[in-house]
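**Student:** Below: one structure in structure tokens.
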Amino acid sequence: MGNPGFRTWWGVWLCPMIFCESEPGNTIFQKPLNVSNLQTKIMVNYWLAKQEPSGPRGYNFEQLKKDKTTVWDGVHNNLALKHMREMKPGDLVLFYHTGDERQAVGIMQVTSKPYSNPKEDVERFIVVDVKYKKTLKKPVTLTEIKNNKKFKDWELVRISRLSVMPVPKPIWDEIIKISQG
């Protein structure tokens with residue numbers, strides 16, 4: 001009888017079963033492994049997205065909180081679009097108010113893969129769906145960010161006009177820490 005698994009150097013047979021332990025010729029099998037029931041850890045990416053909170057095209061975080069979900073659109077900068085193309089469901093995004101406020105105010109979560117903006121004629125202009133996740137206990141201002149050496153190489157400080165950018169995990173953690181007061 002052939003063994004459906006693979007023998008490892010420590011003498012255990014690996015196979016697509018929940019339990020598979022063996023000595024040659026004495027294999028014990030239980031029910032097949034149900035992969036759909038396994039918990040898989042998905043790597044979350046972190047982003048910052050800017051929005052003018054007032055004015056004719058304005059949309060603020062409080063409105064997102066009321067709406068619960070929205071389509072993140074209006075991005076035309078090539079680098080910002082490149083970043084949006086890397087977004088995936090589950091990613092977390094700092095909502096940053098521009099204009100007079102200049103501060104990170106809350107967190108939203110990406111709920112869709114990027115797709116072409118149905119309101120645009122140009123296919124390369126994409127959008128993602130997002131949902132309200134959490135309001136920061138204390139907004140984190142641009143001044144606080146610029147005064148912290150940990151942020152000196154981050155795009156928010158270096159490329160101030162960029163509307164969507166990645167947030168490295170250490171920077172994300174520091175912003176959350178600052179927002180706790």
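Naming works like this for the structure tokens: A, B, ... for the chains as they're shown, residue 1 at the start of each chain, ligands 1 onward in shown order.
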Tyr132 of chain A: which residues within 12 Å, counting only C-alpha atoms, same-chain residues fewer than 2 positions away excluded, as a VMD selection string?

**Tutor:** chain A and resid 60 to 72 92 to 95 105 to 111 129 to 130 134 to 136

**Student:** Output C-alpha atoms of each residue in that selection to a file, as a compact mmCIF listing (two decimals), in the first residue's frame.

**Tutor:**
# COMPACT_ATOMS: atom_id res chain seq x y z
CA ASN A 60 -15.19 65.00 6.59
CA PHE A 61 -14.71 62.11 8.96
CA GLU A 62 -17.89 62.89 10.91
CA GLN A 63 -19.85 62.48 7.66
CA LEU A 64 -18.20 59.08 7.09
CA LYS A 65 -19.17 58.13 10.64
CA LYS A 66 -22.82 58.98 9.83
CA ASP A 67 -22.73 57.35 6.38
CA LYS A 68 -20.85 54.27 7.70
CA THR A 69 -19.43 53.61 4.20
CA THR A 70 -18.33 55.60 1.18
CA VAL A 71 -16.48 55.33 -2.11
CA TRP A 72 -13.00 56.89 -1.88
CA LEU A 92 -6.60 50.23 7.49
CA VAL A 93 -6.51 53.88 6.45
CA LEU A 94 -5.89 57.01 8.50
CA PHE A 95 -8.42 59.67 7.52
CA VAL A 105 -8.73 62.27 12.82
CA GLY A 106 -9.84 58.67 12.41
CA ILE A 107 -9.46 55.23 10.93
CA MET A 108 -11.38 53.65 8.08
CA GLN A 109 -11.13 50.16 6.61
CA VAL A 110 -10.91 49.21 2.94
CA THR A 111 -13.84 46.93 2.01
CA ASP A 129 -14.92 51.30 -0.92
CA VAL A 130 -14.22 52.13 2.71
CA LYS A 134 -12.78 54.30 14.68
CA THR A 135 -12.40 57.93 15.70
CA LEU A 136 -8.99 58.78 17.14

**Student:** Please extract the residues of segment 17-151 of chain A with a backbone DSSP assignment of strand (DSSP E or B) and present them as a ChimeraX atom specification.

**Tutor:** /A:17,20-23,26-29,32,46-51,69-72,92-97,103-110,115-116,126-141

**Student:** Identify, on the basis of only C-alpha atoms, every residue whose closest approach to Asn45 of chain A does not exceed 12 Å; exclude the query and any residue fewer than 3 positions from it along the same chain; express the result as an NGL selection string.

**Tutor:** :A and (42 or 48 or 83-84 or 86-94 or 109-110 or 165-170 or 172)

**Student:** Store the residues picked out above, limited to C-alpha atoms, as a PDB file, in the first residue's frame.

**Tutor:**
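This is the output file out16.pdb:
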ATOM      1  CA  ILE A  42      -4.020  38.161   6.444  1.00  0.00           C
ATOM      2  CA  LEU A  48      -3.163  57.559   4.950  1.00  0.00           C
ATOM      3  CA  HIS A  83      -0.803  53.326  -3.878  1.00  0.00           C
ATOM      4  CA  MET A  84      -4.570  52.841  -4.202  1.00  0.00           C
ATOM      5  CA  GLU A  86      -2.113  48.196  -3.804  1.00  0.00           C
ATOM      6  CA  MET A  87      -5.018  48.485  -1.357  1.00  0.00           C
ATOM      7  CA  LYS A  88      -6.982  45.380  -0.471  1.00  0.00           C
ATOM      8  CA  PRO A  89      -9.987  44.570   1.697  1.00  0.00           C
ATOM      9  CA  GLY A  90      -9.071  44.681   5.375  1.00  0.00           C
ATOM     10  CA  ASP A  91      -6.377  47.344   5.022  1.00  0.00           C
ATOM     11  CA  LEU A  92      -6.604  50.226   7.491  1.00  0.00           C
ATOM     12  CA  VAL A  93      -6.507  53.879   6.455  1.00  0.00           C
ATOM     13  CA  LEU A  94      -5.890  57.005   8.502  1.00  0.00           C
ATOM     14  CA  GLN A 109     -11.132  50.157   6.615  1.00  0.00           C
ATOM     15  CA  VAL A 110     -10.911  49.210   2.940  1.00  0.00           C
ATOM     16  CA  MET A 165       0.331  57.139   0.843  1.00  0.00           C
ATOM     17  CA  PRO A 166       1.512  54.033   2.675  1.00  0.00           C
ATOM     18  CA  VAL A 167       2.074  54.230   6.411  1.00  0.00           C
ATOM     19  CA  PRO A 168       4.882  51.955   7.615  1.00  0.00           C
ATOM     20  CA  LYS A 169       3.836  49.915  10.672  1.00  0.00           C
ATOM     21  CA  PRO A 170       6.219  51.725  13.098  1.00  0.00           C
ATOM     22  CA  TRP A 172       1.221  53.770  12.264  1.00  0.00           C
TER      23      TRP A 172
END

**Student:** Enumerate the residues of segment 49-149 of chain A with a DSSP assignment of alpha helix (DSSP H), computed from the backbone, and present them as an NGL selection string.

**Tutor:** :A and (61-67 or 78-85 or 142-146)

**Student:** Go ahead and save the picked residues with C-alpha atoms, as a CSV table (one decimal), in the first residue's frame.

**Tutor:**
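See selection_12.csv below for the written result:
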chain,number,residue,atom,x,y,z
A,61,PHE,CA,-14.7,62.1,9.0
A,62,GLU,CA,-17.9,62.9,10.9
A,63,GLN,CA,-19.9,62.5,7.7
A,64,LEU,CA,-18.2,59.1,7.1
A,65,LYS,CA,-19.2,58.1,10.6
A,66,LYS,CA,-22.8,59.0,9.8
A,67,ASP,CA,-22.7,57.3,6.4
A,78,ASN,CA,-0.2,58.9,-10.5
A,79,LEU,CA,1.7,58.0,-7.4
A,80,ALA,CA,-1.5,58.2,-5.2
A,81,LEU,CA,-3.3,56.0,-7.8
A,82,LYS,CA,-0.4,53.5,-7.6
A,83,HIS,CA,-0.8,53.3,-3.9
A,84,MET,CA,-4.6,52.8,-4.2
A,85,ARG,CA,-4.0,49.9,-6.6
A,142,LEU,CA,0.8,67.8,11.1
A,143,THR,CA,2.8,70.0,13.5
A,144,GLU,CA,3.1,67.0,15.9
A,145,ILE,CA,4.2,64.8,13.1
A,146,LYS,CA,6.8,67.2,11.7

**Student:** Let me make sure I understand: among A:His76, A:Lys137, A:Glu155, A:Gly99, which one has the smallest atom-to-atom distance to Glu123 of chain A if we use only C-alpha atoms?

**Tutor:** A:His76

**Student:** May I ask which of the residues A:Lys50, A:Gly58, A:Ile175, A:Val44 is the closest one to Phe151 of chain A, counting only C-alpha atoms?

**Tutor:** A:Ile175

**Student:** So, counting only C-alpha atoms, which residue among A:Ile171, A:Val122, A:Asn117, A:Ser112 is closest to Lys149 of chain A?

**Tutor:**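 Of all the options, A:Ile171 lies closest to Lys149 of chain A.
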